[in-house]
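Next up, protein_16.txt (compact mmCIF, C-alpha atoms):
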```
# COMPACT_ATOMS: atom_id res chain seq x y z
CA MET N 425 -11.72 34.49 -15.58
CA LYS N 426 -11.23 36.54 -12.43
CA SER N 427 -14.41 37.22 -10.50
CA ASP N 428 -15.43 40.38 -8.67
CA GLN N 429 -13.58 39.89 -5.41
CA SER N 430 -15.89 42.30 -3.58
CA ALA N 431 -18.70 39.79 -4.10
CA GLN N 432 -16.74 37.02 -2.38
CA PRO N 433 -17.52 36.27 1.27
CA GLY N 434 -14.77 37.31 3.65
CA VAL N 435 -12.68 34.92 5.69
CA GLN N 436 -14.55 35.85 8.87
CA THR N 437 -17.84 34.88 7.23
CA ILE N 438 -16.56 31.43 6.25
CA ARG N 439 -14.96 30.86 9.65
CA ALA N 440 -18.16 31.81 11.46
CA ARG N 441 -20.37 29.70 9.24
CA ALA N 442 -18.04 26.70 9.55
CA ALA N 443 -18.03 27.04 13.33
CA ALA N 444 -21.83 27.13 13.35
CA LEU N 445 -21.85 23.83 11.47
CA ALA N 446 -19.68 22.10 14.09
CA PRO N 447 -22.48 20.14 15.83
CA GLU N 448 -23.88 18.97 12.51
CA LEU N 449 -20.44 17.95 11.27
CA SER N 450 -19.81 15.98 14.45
CA ALA N 451 -23.09 14.11 13.97
CA LEU N 452 -22.23 13.33 10.33
CA ARG N 453 -18.77 12.09 11.23
CA ARG N 454 -20.01 9.92 14.09
CA HIS N 455 -22.62 8.32 11.84
CA LEU N 456 -19.96 7.53 9.24
CA HIS N 457 -17.51 6.30 11.88
CA ALA N 458 -20.08 3.94 13.37
CA HIS N 459 -20.94 2.48 9.95
CA PRO N 460 -17.64 1.86 8.15
CA GLU N 461 -17.43 -0.11 4.92
CA LEU N 462 -14.43 -1.70 3.23
CA SER N 463 -12.96 -0.59 -0.08
CA PHE N 464 -15.35 -0.82 -3.04
CA GLN N 465 -18.14 -1.94 -0.68
CA GLU N 466 -19.19 1.59 0.34
CA ASN N 467 -22.82 1.16 -0.70
CA GLU N 468 -24.47 2.54 2.44
CA THR N 469 -21.86 5.28 2.70
CA ALA N 470 -22.49 6.34 -0.90
CA ALA N 471 -26.25 6.35 -0.27
CA PHE N 472 -25.76 8.48 2.85
CA VAL N 473 -23.53 10.96 1.01
CA THR N 474 -26.04 11.11 -1.84
CA SER N 475 -28.85 11.95 0.58
CA GLN N 476 -26.82 14.76 2.10
CA LEU N 477 -26.02 16.24 -1.31
CA LEU N 478 -29.63 16.02 -2.43
CA ALA N 479 -30.64 17.96 0.68
CA MET N 480 -28.30 20.75 -0.49
CA GLY N 481 -30.13 20.93 -3.79
CA LEU N 482 -27.36 19.19 -5.74
CA GLN N 483 -27.71 16.40 -8.30
CA PRO N 484 -25.22 13.69 -7.35
CA TYR N 485 -24.43 10.74 -9.59
CA ARG N 486 -22.45 7.53 -9.22
CA VAL N 487 -19.01 6.83 -10.69
CA ALA N 488 -16.78 3.76 -10.39
CA GLY N 489 -19.45 1.75 -8.61
CA THR N 490 -19.63 3.34 -5.19
CA GLY N 491 -18.12 6.74 -5.98
CA VAL N 492 -20.31 9.84 -5.82
CA VAL N 493 -19.87 13.04 -7.83
CA ALA N 494 -21.76 16.33 -7.69
CA LEU N 495 -21.37 19.84 -9.11
CA ILE N 496 -21.86 23.13 -7.30
CA GLU N 497 -22.42 25.63 -10.06
CA GLY N 498 -21.81 29.29 -9.31
CA GLN N 499 -22.17 32.15 -11.73
CA PRO N 500 -21.24 31.31 -15.34
CA GLY N 501 -17.87 32.02 -16.85
CA GLY N 502 -15.47 30.80 -14.18
CA PRO N 503 -13.08 27.84 -13.77
CA VAL N 504 -13.71 24.35 -12.41
CA VAL N 505 -12.06 23.27 -9.15
CA ALA N 506 -12.35 19.65 -7.95
CA LEU N 507 -12.36 18.61 -4.29
CA ARG N 508 -11.75 15.01 -3.24
CA GLY N 509 -12.65 13.03 -0.12
CA ASP N 510 -12.26 9.26 0.23
CA MET N 511 -14.89 7.09 1.93
CA ASP N 512 -13.57 3.56 2.60
CA ALA N 513 -12.52 1.99 5.89
CA LEU N 514 -9.93 -0.60 6.94
CA PRO N 515 -10.16 -4.26 8.06
CA ILE N 516 -9.32 -3.40 11.70
CA GLN N 517 -11.26 -4.18 14.87
CA GLU N 518 -11.80 -0.92 16.76
CA LEU N 519 -10.69 -1.03 20.41
CA SER N 520 -11.75 2.42 21.64
CA GLU N 521 -14.91 2.40 23.73
CA VAL N 522 -16.61 5.52 22.37
CA PRO N 523 -20.34 6.09 21.71
CA TYR N 524 -19.68 6.12 17.97
CA LYS N 525 -17.54 2.96 17.96
CA SER N 526 -17.76 0.90 14.78
CA ALA N 527 -20.87 -1.25 14.65
CA ASN N 528 -19.32 -3.44 11.93
CA ALA N 529 -17.10 -6.13 13.42
CA GLY N 530 -13.58 -6.08 12.04
CA VAL N 531 -14.07 -2.86 10.07
CA MET N 532 -12.99 0.59 11.25
CA HIS N 533 -12.38 4.11 9.99
CA ALA N 534 -8.79 3.92 11.19
CA CYS N 535 -7.40 6.26 8.52
CA GLY N 536 -9.79 9.18 8.94
CA HIS N 537 -11.78 8.75 5.75
CA ASP N 538 -14.91 9.46 7.77
CA VAL N 539 -13.31 12.82 8.55
CA HIS N 540 -12.46 13.45 4.90
CA THR N 541 -16.02 12.67 3.79
CA THR N 542 -17.47 14.86 6.55
CA CYS N 543 -15.18 17.80 5.74
CA LEU N 544 -16.06 17.55 2.06
CA LEU N 545 -19.76 17.51 2.88
CA GLY N 546 -19.21 20.52 5.13
CA ALA N 547 -17.28 22.37 2.43
CA ALA N 548 -20.04 21.52 -0.03
CA ARG N 549 -22.59 23.02 2.33
CA LEU N 550 -20.58 26.23 2.74
CA LEU N 551 -19.92 26.58 -0.98
CA SER N 552 -23.53 25.84 -1.91
CA GLU N 553 -24.59 28.75 0.29
CA GLN N 554 -22.23 31.03 -1.65
CA ARG N 555 -23.20 30.05 -5.20
CA ALA N 556 -24.43 33.57 -5.98
CA HIS N 557 -21.08 35.03 -4.95
CA PHE N 558 -18.54 33.15 -7.08
CA LYS N 559 -17.96 32.39 -10.73
CA GLY N 560 -17.20 28.84 -11.77
CA THR N 561 -17.96 25.29 -10.72
CA VAL N 562 -16.90 23.12 -7.81
CA LYS N 563 -16.70 19.41 -8.60
CA LEU N 564 -17.13 17.19 -5.53
CA LEU N 565 -15.44 13.77 -5.72
CA PHE N 566 -16.43 11.28 -3.01
CA GLN N 567 -14.03 8.47 -3.78
CA PRO N 568 -14.23 4.74 -2.99
CA GLY N 569 -11.40 2.29 -2.47
CA GLU N 570 -8.35 4.35 -1.51
CA GLU N 571 -7.01 1.53 0.66
CA LEU N 572 -7.05 -1.23 -1.96
CA LEU N 573 -5.36 -1.64 -5.33
CA PRO N 574 -5.98 -0.54 -8.03
CA GLY N 575 -7.29 2.46 -6.05
CA GLY N 576 -10.62 4.16 -6.52
CA ALA N 577 -8.99 7.29 -7.93
CA SER N 578 -7.72 5.36 -10.96
CA LEU N 579 -11.18 3.87 -11.55
CA MET N 580 -12.90 7.25 -11.26
CA ILE N 581 -10.47 8.70 -13.79
CA LYS N 582 -11.18 5.80 -16.16
CA ASP N 583 -14.88 6.55 -15.77
CA GLY N 584 -14.24 10.12 -16.92
CA VAL N 585 -14.53 11.98 -13.62
CA LEU N 586 -11.96 14.53 -14.79
CA GLU N 587 -14.03 15.36 -17.86
CA ASN N 588 -17.32 17.14 -18.54
CA PRO N 589 -16.36 19.48 -16.99
CA ALA N 590 -12.59 19.09 -16.71
CA PRO N 591 -11.21 20.69 -13.53
CA ALA N 592 -8.38 23.18 -13.75
CA GLU N 593 -7.04 21.66 -10.52
CA ILE N 594 -7.89 19.23 -7.74
CA ILE N 595 -7.46 19.61 -3.99
CA GLY N 596 -7.51 16.98 -1.24
CA GLN N 597 -6.81 16.84 2.48
CA HIS N 598 -5.91 14.03 4.89
CA VAL N 599 -5.91 13.73 8.67
CA PHE N 600 -2.53 14.02 10.41
CA PRO N 601 -2.40 13.19 14.14
CA ARG N 602 1.18 14.45 14.39
CA LEU N 603 -0.16 18.00 14.09
CA PRO N 604 -2.52 19.62 16.60
CA VAL N 605 -5.95 20.87 15.65
CA GLY N 606 -5.71 24.27 14.01
CA GLN N 607 -2.60 23.46 12.00
CA ILE N 608 -2.12 21.99 8.54
CA GLY N 609 0.93 20.60 6.76
CA VAL N 610 1.86 21.47 3.18
CA ARG N 611 4.67 20.48 0.83
CA SER N 612 5.29 21.58 -2.73
CA GLY N 613 6.57 19.15 -5.36
CA ARG N 614 7.05 15.45 -4.77
CA TYR N 615 5.49 14.52 -1.44
CA MET N 616 4.53 10.82 -1.22
CA ALA N 617 5.97 7.60 -2.62
CA SER N 618 4.97 5.07 -5.19
CA THR N 619 3.97 1.72 -3.75
CA ASP N 620 4.17 -1.80 -5.15
CA GLU N 621 3.10 -5.08 -3.57
CA LEU N 622 5.51 -8.02 -3.75
CA TYR N 623 4.43 -11.67 -3.66
CA LEU N 624 7.13 -14.37 -3.71
CA LYS N 625 6.80 -18.15 -3.84
CA ILE N 626 9.98 -20.15 -3.22
CA LYS N 627 9.76 -23.79 -4.30
CA GLY N 628 12.07 -26.42 -2.84
CA LYS N 629 11.70 -30.03 -1.70
CA GLY N 630 10.40 -30.67 1.77
CA GLY N 631 10.95 -33.54 4.10
CA HIS N 632 12.16 -34.54 7.56
CA GLY N 633 14.11 -31.85 9.38
CA ALA N 634 16.63 -34.45 10.58
CA MET N 635 17.61 -35.35 7.01
CA PRO N 636 18.37 -32.02 5.28
CA GLU N 637 20.65 -33.76 2.77
CA LEU N 638 17.57 -35.37 1.20
CA ASN N 639 15.66 -32.09 0.92
CA LEU N 640 16.01 -28.69 -0.73
CA ASP N 641 15.18 -26.27 2.05
CA PRO N 642 13.09 -23.29 0.81
CA VAL N 643 13.24 -21.72 4.28
CA LEU N 644 17.00 -21.31 3.97
CA VAL N 645 16.61 -19.90 0.47
CA ALA N 646 13.99 -17.44 1.77
CA ALA N 647 16.31 -16.29 4.57
CA HIS N 648 19.14 -15.60 2.12
CA LEU N 649 16.79 -13.83 -0.26
CA ILE N 650 15.29 -11.52 2.39
CA VAL N 651 18.77 -10.40 3.47
CA ALA N 652 20.18 -10.13 -0.06
CA ALA N 653 17.23 -8.11 -1.32
CA GLN N 654 18.17 -5.26 1.00
CA GLN N 655 21.28 -4.73 -1.15
CA ILE N 656 18.98 -3.40 -3.87
CA VAL N 657 18.28 -0.41 -1.65
CA SER N 658 21.68 -0.14 0.04
CA ARG N 659 23.90 -0.74 -3.02
CA ARG N 660 21.89 -0.28 -6.22
CA ALA N 661 19.86 2.84 -5.36
CA ASN N 662 21.28 6.35 -5.39
CA PRO N 663 21.86 7.02 -1.66
CA LYS N 664 20.24 10.43 -2.12
CA LEU N 665 17.04 8.78 -3.35
CA PRO N 666 14.60 7.50 -0.68
CA SER N 667 13.64 3.84 -1.15
CA VAL N 668 12.06 1.26 1.11
CA LEU N 669 11.96 -2.51 0.65
CA SER N 670 10.14 -4.29 3.47
CA PHE N 671 8.89 -7.85 3.88
CA GLY N 672 6.04 -8.13 6.36
CA LYS N 673 4.74 -11.65 5.85
CA VAL N 674 6.61 -14.96 5.66
CA ILE N 675 4.79 -18.29 5.64
CA ALA N 676 6.77 -21.53 5.89
CA ASN N 677 4.09 -24.00 6.84
CA GLY N 678 6.30 -26.75 8.18
CA ALA N 679 6.93 -27.82 11.76
CA THR N 680 9.80 -28.25 14.22
CA ASN N 681 10.88 -31.36 12.33
CA VAL N 682 9.27 -30.72 8.94
CA ILE N 683 10.87 -28.78 6.10
CA PRO N 684 8.08 -27.46 3.84
CA ASP N 685 8.01 -27.65 0.07
CA GLU N 686 7.26 -23.95 -0.35
CA VAL N 687 7.72 -20.62 1.39
CA PHE N 688 5.55 -17.57 0.70
CA ILE N 689 6.77 -14.02 1.26
CA GLU N 690 4.89 -10.73 0.93
CA GLY N 691 6.31 -7.24 1.02
CA THR N 692 6.33 -3.73 -0.36
CA PHE N 693 8.67 -1.57 -2.42
CA ARG N 694 8.36 2.23 -2.28
CA THR N 695 10.35 5.07 -3.75
CA LEU N 696 10.11 8.71 -4.78
CA ASP N 697 11.42 8.24 -8.33
CA GLU N 698 9.45 6.51 -11.08
CA GLN N 699 12.50 5.63 -13.23
CA TRP N 700 14.29 4.01 -10.29
CA ARG N 701 11.05 2.24 -9.43
CA ASP N 702 11.15 0.39 -12.77
CA GLU N 703 14.88 -0.34 -12.46
CA ALA N 704 14.42 -1.73 -8.96
CA HIS N 705 11.72 -4.10 -10.21
CA GLN N 706 14.21 -5.56 -12.69
CA HIS N 707 16.95 -5.88 -10.06
CA LEU N 708 14.53 -7.66 -7.73
CA ARG N 709 13.43 -10.10 -10.42
CA GLN N 710 17.04 -10.94 -11.32
CA LEU N 711 17.97 -11.40 -7.68
CA CYS N 712 15.03 -13.66 -6.85
CA GLU N 713 15.47 -15.89 -9.85
CA GLY N 714 19.26 -16.00 -9.74
CA LEU N 715 19.73 -16.54 -6.01
CA ALA N 716 17.09 -19.24 -5.84
CA ALA N 717 18.56 -21.00 -8.86
CA SER N 718 22.06 -20.87 -7.36
CA MET N 719 20.71 -22.80 -4.36
CA GLY N 720 18.78 -25.27 -6.50
CA ALA N 721 15.35 -23.79 -5.86
CA VAL N 722 12.82 -21.80 -7.88
CA CYS N 723 11.45 -18.37 -6.97
CA GLU N 724 8.34 -16.92 -8.57
CA LEU N 725 7.91 -13.18 -8.08
CA GLU N 726 4.70 -11.24 -8.70
CA ILE N 727 4.91 -7.45 -8.54
CA ARG N 728 1.53 -5.76 -8.29
CA ARG N 729 2.17 -2.23 -9.43
CA GLY N 730 0.45 0.19 -7.11
CA TYR N 731 0.02 3.93 -6.79
CA PRO N 732 2.48 6.33 -8.45
CA CYS N 733 4.36 9.10 -6.68
CA LEU N 734 2.24 12.00 -5.46
CA ASP N 735 3.23 15.42 -6.77
CA ASN N 736 1.91 18.70 -5.43
CA ASN N 737 1.84 21.29 -8.22
CA PRO N 738 4.08 24.20 -7.08
CA ALA N 739 1.76 26.97 -8.31
CA VAL N 740 -1.40 25.42 -6.84
CA THR N 741 0.36 24.57 -3.59
CA ALA N 742 1.71 28.11 -3.21
CA ARG N 743 -1.82 29.51 -3.54
CA VAL N 744 -3.25 26.92 -1.13
CA ARG N 745 -0.52 27.80 1.36
CA ALA N 746 -1.32 31.52 1.07
CA ALA N 747 -5.06 30.92 1.50
CA ALA N 748 -4.41 28.66 4.51
CA GLU N 749 -2.13 31.26 6.12
CA HIS N 750 -4.92 33.80 5.74
CA TYR N 751 -7.49 31.41 7.22
CA LEU N 752 -5.41 29.84 10.02
CA GLY N 753 -2.50 32.22 10.52
CA ALA N 754 0.97 31.77 8.98
CA GLU N 755 2.30 30.14 12.17
CA ASN N 756 -0.22 27.31 11.74
CA VAL N 757 0.83 26.29 8.23
CA ILE N 758 3.69 23.79 8.64
CA GLU N 759 6.20 22.62 6.03
CA LEU N 760 5.98 18.83 5.61
CA ASP N 761 8.85 16.45 4.94
CA GLN N 762 8.65 13.85 2.19
CA TRP N 763 6.90 10.67 3.29
CA LEU N 764 7.20 7.14 1.90
CA ALA N 765 3.60 6.27 2.61
CA ALA N 766 1.41 6.15 -0.49
CA GLU N 767 -1.95 7.58 -1.50
CA ASP N 768 -4.03 7.00 -4.60
CA PHE N 769 -4.68 10.75 -4.77
CA ALA N 770 -1.38 10.45 -6.66
CA TYR N 771 -3.38 9.40 -9.74
CA PHE N 772 -5.24 12.72 -9.62
CA SER N 773 -1.94 14.58 -9.15
CA GLN N 774 -0.61 12.90 -12.31
CA ALA N 775 -3.71 13.87 -14.30
CA ALA N 776 -4.29 17.49 -13.20
CA PRO N 777 -2.54 20.22 -11.19
CA ALA N 778 -3.10 19.21 -7.59
CA CYS N 779 -2.47 19.97 -3.93
CA PHE N 780 -2.78 17.37 -1.17
CA TYR N 781 -2.29 18.75 2.34
CA ARG N 782 -2.54 17.36 5.89
CA LEU N 783 -5.11 18.39 8.51
CA GLY N 784 -4.05 18.43 12.17
CA THR N 785 -6.31 16.27 14.36
CA ARG N 786 -4.44 15.90 17.70
CA ALA N 787 -5.91 17.63 20.74
CA ALA N 788 -3.97 20.42 22.43
CA ASP N 789 -3.64 18.29 25.59
CA GLY N 790 -2.01 15.43 23.65
CA ARG N 791 -5.08 13.23 23.26
CA PHE N 792 -5.83 11.63 19.88
CA ALA N 793 -2.14 11.18 19.07
CA ALA N 794 -2.51 7.53 17.97
CA SER N 795 -1.35 6.92 14.42
CA VAL N 796 -3.64 6.12 11.54
CA HIS N 797 -4.11 2.40 10.78
CA THR N 798 -4.23 1.56 14.49
CA PRO N 799 -7.29 0.24 16.38
CA ILE N 800 -7.41 3.25 18.73
CA PHE N 801 -7.15 6.03 16.13
CA ASP N 802 -9.53 8.94 16.77
CA ILE N 803 -9.58 12.71 16.34
CA ASP N 804 -10.34 15.92 18.15
CA GLU N 805 -13.59 16.82 16.40
CA GLN N 806 -12.70 20.52 16.38
CA ALA N 807 -10.78 19.52 13.25
CA LEU N 808 -14.06 18.98 11.38
CA SER N 809 -15.18 22.60 11.17
CA ILE N 810 -11.59 23.71 10.54
CA GLY N 811 -11.19 21.20 7.71
CA ALA N 812 -14.53 22.04 6.12
CA GLY N 813 -14.08 25.78 6.44
CA LEU N 814 -10.50 25.75 5.17
CA MET N 815 -11.41 23.66 2.14
CA ALA N 816 -14.27 26.03 1.30
CA TRP N 817 -12.05 29.11 1.76
CA VAL N 818 -9.23 27.66 -0.37
CA THR N 819 -11.74 26.82 -3.09
CA LEU N 820 -13.22 30.32 -3.12
CA GLN N 821 -9.76 31.81 -3.42
CA GLU N 822 -8.85 29.49 -6.27
CA LEU N 823 -12.05 30.26 -8.16
CA ASP N 824 -11.20 33.94 -7.81
CA LEU N 825 -7.56 33.63 -8.92
CA LEU N 826 -7.74 31.11 -11.78
```
Could you spell out this file's structure in structure tokens?
Amino acid sequence: MKSDQSAQPGVQTIRARAAALAPELSALRRHLHAHPELSFQENETAAFVTSQLLAMGLQPYRVAGTGVVALIEGQPGGPVVALRGDMDALPIQELSEVPYKSANAGVMHACGHDVHTTCLLGAARLLSEQRAHFKGTVKLLFQPGEELLPGGASLMIKDGVLENPAPAEIIGQHVFPRLPVGQIGVRSGRYMASTDELYLKIKGKGGHGAMPELNLDPVLVAAHLIVAAQQIVSRRANPKLPSVLSFGKVIANGATNVIPDEVFIEGTFRTLDEQWRDEAHQHLRQLCEGLAASMGAVCELEIRRGYPCLDNNPAVTARVRAAAEHYLGAENVIELDQWLAAEDFAYFSQAAPACFYRLGTRAADGRFAASVHTPIFDIDEQALSIGAGLMAWVTLQELDLL
């Protein structure tokens, strides 16, 4: 049901109010950054988020262990729009010497989830202030465990987070240090890849390195397998279809003169097509088993199926783009390329019409350009009020148009 647009706050109102919240948002983000928690261990973070929501007059409740959900109810008769922010941190030791440096050894908000949580709290504050001026409901999803399979999004969905009430759509944002503050990146359709974890164990017969004829060398088998597996991407995949097969961990715990009994390999397979994903799994199994057997060894392959491909609904994304151009200026809304990183927001995008866009966090002078998942990642905190205000503005526009 379309609301009375004259009752909606104007873009200047939201911009001004978001800017006024900047000091408070910085304090929230710095608290979260200094107290990171690993996936599915976000107990203190969830308690902190809950306290902030209670102070807004909301009634938060827990989902999927450490997830937090709350409703902002406007005037009756309108649609439901869900907003998502993830809360977990990474097992990385922070190296930057900043006042808000992580106080938890070996744990760091190196992927900006402290920013996502802060922006969602800021958007919640802005939208709560406007409850009398919009029809419908905003469903706030503070999600645990984005960085660890099976992904907190999948667990929240299993717990019924997309029901009672069911959202007409869901929107999420993610930091992007490649873009400067004041810009966002958007892409319609398929945006991010599926991701699967690969665990291989190659069994041979170890012994003295000077007597290879008495052994069955699993290191040699592993070397052949790593090279041969690349043919799955280079010769079995459609060359127009992006695929990545990478092995990042190889353990052959022998010595200069010791051939080990076993070699362990870990890697990842990613693609932008779900049918090819399944076919590639079968090719990889056949290759591992067949190649190892041809060399007299045994290869055991475990594929831990991860997040699906992330799809941005074209209609939702077009409206988000239009709202963002109004809020930021058309020149500050950038078209994104497809990316073979993965995100468990993909589960939400498979369950409801969705839009997942990227928030610029690099300073105008080039500072804060370090990539996510690095020990020196940080942001220009001007992004906080922009992210919160934009999310609130997009939500208001969606409530009005749905």
Taking 5 positions as the minimum chain separation for residues in the same chain, which residues sit within 9 Å of segment 643-654 of chain N when counting all atoms listed in the file? Answer as a list in words. Ile626, Gly628, Arg659, Val668, Leu669, Ser670, Phe671, Val674, Ala676, Ile683, Pro684, Asp685, Glu686, Val687, Phe688, Ile689, Leu708, Leu711, Cys712, Leu715, Ala716, Met719 and Ala721 of chain N
So which residues touch Arg555 of chain N within 9 Å, counting all atoms listed in the file, skipping near sequence neighbours fewer than 5 positions away, as a CSV table (one decimal) with C-alpha atoms, in the frame of the given file?
```csv
chain,number,residue,atom,x,y,z
N,496,ILE,CA,-21.9,23.1,-7.3
N,497,GLU,CA,-22.4,25.6,-10.1
N,498,GLY,CA,-21.8,29.3,-9.3
N,499,GLN,CA,-22.2,32.2,-11.7
N,560,GLY,CA,-17.2,28.8,-11.8
N,561,THR,CA,-18.0,25.3,-10.7
```
Which one of N:Ile516, N:Ala446, N:Val562, N:Leu826 sits closest to Asp804 of chain N if you count all atoms listed in the file?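 Looking only at the distances to Asp804 of chain N, the closest residue turns out to be N:Ala446.
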Please determine, counting all atoms listed in the file, which residue among N:Pro500, N:Gly714, N:Gly753, N:Pro447 has the shortest atom-to-atom distance to His557 of chain N.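 Closest candidate: N:Pro500.
Between Leu564 of chain N and the candidates N:Gln517, N:Thr819, N:Asn677, N:Thr692, the tightest atom-to-atom separation, counting all atoms listed in the file, involves N:Thr819.
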Dump as a list of chain:residue names all residues having an atom at most 10 Å from (-8.0, -1.1, 2.7), computed in the file's coordinates with all atoms listed in the file.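 Checking each residue against the 10 Å limit leaves N:Glu461, N:Leu462, N:Ser463, N:Phe464, N:Asp512, N:Ala513, N:Leu514, N:Pro515, N:Ile516, N:Val531, N:His533, N:Ala534, N:Cys535, N:Gly569, N:Glu570, N:Glu571, N:Leu572, N:Leu573, N:Gly575, N:His797.
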Between atom CA of Lys629 of chain N and atom CA of Thr680 of chain N, distance in Å (one decimal): 16.1 Å
Could you jot down the atom CA of Leu603 of chain N to atom CA of Gln762 of chain N separation for me, Å, one decimal place? 15.4 Å
Quick one: distance from atom CA of Thr741 of chain N to atom CA of Arg453 of chain N in Å, one decimal? 27.2 Å
Which residue of N:Val487, N:Leu783, N:Ala739, N:Ile595 approaches Gln806 of chain N most closely, using all atoms listed in the file: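 Selected residue with least distance to Gln806 of chain N: N:Leu783.
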Considering only C-alpha atoms, can you say which of N:Gln710, N:Ala778, N:Ile800, N:Gln607 comes closest to Ala748 of chain N?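 For Ala748 of chain N, the nearest of the given residues is N:Gln607.
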I want to know what sits within 10 Å of Arg660 of chain N, based on all atoms listed in the file, with residues of the same chain fewer than 3 positions away left out; could you give that as a ChimeraX atom specification? /N:654-657,663,700,703-704,707
Can you list, as a ChimeraX atom specification, every protein, DNA or RNA residue that comes within 7 Å of Glu726 of chain N when you count all atoms listed in the file, leaving out same-chain residues fewer than 6 positions away? /N:622-624
Nearest to Gly811 of chain N among N:His598, N:Lys582, N:Lys559, N:His457, with distances taken over only C-alpha atoms: which residue is it?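 Answer, going by the shortest atom-to-atom distance: N:His598.
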Fewer than 5 positions away in the same chain doesn't count, so skip those; otherwise give me all residues within 8 Å of Ser667 of chain N, counting all atoms listed in the file, as a PDB file with C-alpha atoms, in the frame of the given file.
```
ATOM      1  CA  VAL N 657      18.280  -0.410  -1.650  1.00  0.00           C
ATOM      2  CA  ALA N 661      19.860   2.840  -5.360  1.00  0.00           C
ATOM      3  CA  PHE N 693       8.670  -1.570  -2.420  1.00  0.00           C
ATOM      4  CA  ARG N 694       8.360   2.230  -2.280  1.00  0.00           C
ATOM      5  CA  THR N 695      10.350   5.070  -3.750  1.00  0.00           C
ATOM      6  CA  LEU N 696      10.110   8.710  -4.780  1.00  0.00           C
ATOM      7  CA  LEU N 764       7.200   7.140   1.900  1.00  0.00           C
TER       8      LEU N 764
END
```
Within 10 Å of (-22.8, 13.0, -1.9), all atoms listed in the file: residues as a PDB file with C-alpha atoms, in the frame of the given file?
```
ATOM      1  CA  THR N 469     -21.860   5.280   2.700  1.00  0.00           C
ATOM      2  CA  ALA N 470     -22.490   6.340  -0.900  1.00  0.00           C
ATOM      3  CA  ALA N 471     -26.250   6.350  -0.270  1.00  0.00           C
ATOM      4  CA  PHE N 472     -25.760   8.480   2.850  1.00  0.00           C
ATOM      5  CA  VAL N 473     -23.530  10.960   1.010  1.00  0.00           C
ATOM      6  CA  THR N 474     -26.040  11.110  -1.840  1.00  0.00           C
ATOM      7  CA  SER N 475     -28.850  11.950   0.580  1.00  0.00           C
ATOM      8  CA  GLN N 476     -26.820  14.760   2.100  1.00  0.00           C
ATOM      9  CA  LEU N 477     -26.020  16.240  -1.310  1.00  0.00           C
ATOM     10  CA  LEU N 478     -29.630  16.020  -2.430  1.00  0.00           C
ATOM     11  CA  ALA N 479     -30.640  17.960   0.680  1.00  0.00           C
ATOM     12  CA  MET N 480     -28.300  20.750  -0.490  1.00  0.00           C
ATOM     13  CA  LEU N 482     -27.360  19.190  -5.740  1.00  0.00           C
ATOM     14  CA  GLN N 483     -27.710  16.400  -8.300  1.00  0.00           C
ATOM     15  CA  PRO N 484     -25.220  13.690  -7.350  1.00  0.00           C
ATOM     16  CA  TYR N 485     -24.430  10.740  -9.590  1.00  0.00           C
ATOM     17  CA  ARG N 486     -22.450   7.530  -9.220  1.00  0.00           C
ATOM     18  CA  GLY N 491     -18.120   6.740  -5.980  1.00  0.00           C
ATOM     19  CA  VAL N 492     -20.310   9.840  -5.820  1.00  0.00           C
ATOM     20  CA  VAL N 493     -19.870  13.040  -7.830  1.00  0.00           C
ATOM     21  CA  ALA N 494     -21.760  16.330  -7.690  1.00  0.00           C
ATOM     22  CA  THR N 541     -16.020  12.670   3.790  1.00  0.00           C
ATOM     23  CA  LEU N 544     -16.060  17.550   2.060  1.00  0.00           C
ATOM     24  CA  LEU N 545     -19.760  17.510   2.880  1.00  0.00           C
ATOM     25  CA  ALA N 548     -20.040  21.520  -0.030  1.00  0.00           C
ATOM     26  CA  LEU N 564     -17.130  17.190  -5.530  1.00  0.00           C
ATOM     27  CA  LEU N 565     -15.440  13.770  -5.720  1.00  0.00           C
ATOM     28  CA  PHE N 566     -16.430  11.280  -3.010  1.00  0.00           C
TER      29      PHE N 566
END
```
May I have a table of the residues of segment 451-516 of chain N lying at most 12 Å from segment 770-775 of chain N, giving each one's closest pair of atoms and their distance in Å to one decimal, counting all atoms listed in the file, ordered by chain and ascending residue number, as JSON lines?
```
{"residue": "N:Ala506", "atom": "CA", "partner": "N:Phe772", "partner_atom": "CA", "distance": 10.1}
{"residue": "N:Leu507", "atom": "CA", "partner": "N:Phe772", "partner_atom": "CA", "distance": 10.7}
{"residue": "N:Arg508", "atom": "CA", "partner": "N:Phe772", "partner_atom": "CA", "distance": 9.4}
```
Prev. selection, C-alpha atoms, output as an mmCIF file, in the frame of the given file:
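Below you can see out_37.cif, which holds the result:
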```cif
data_model
loop_
_atom_site.group_PDB
_atom_site.id
_atom_site.type_symbol
_atom_site.label_atom_id
_atom_site.label_comp_id
_atom_site.auth_asym_id
_atom_site.auth_seq_id
_atom_site.Cartn_x
_atom_site.Cartn_y
_atom_site.Cartn_z
ATOM 1 C CA ALA N 506 -12.350 19.650 -7.950
ATOM 2 C CA LEU N 507 -12.360 18.610 -4.290
ATOM 3 C CA ARG N 508 -11.750 15.010 -3.240
#
```
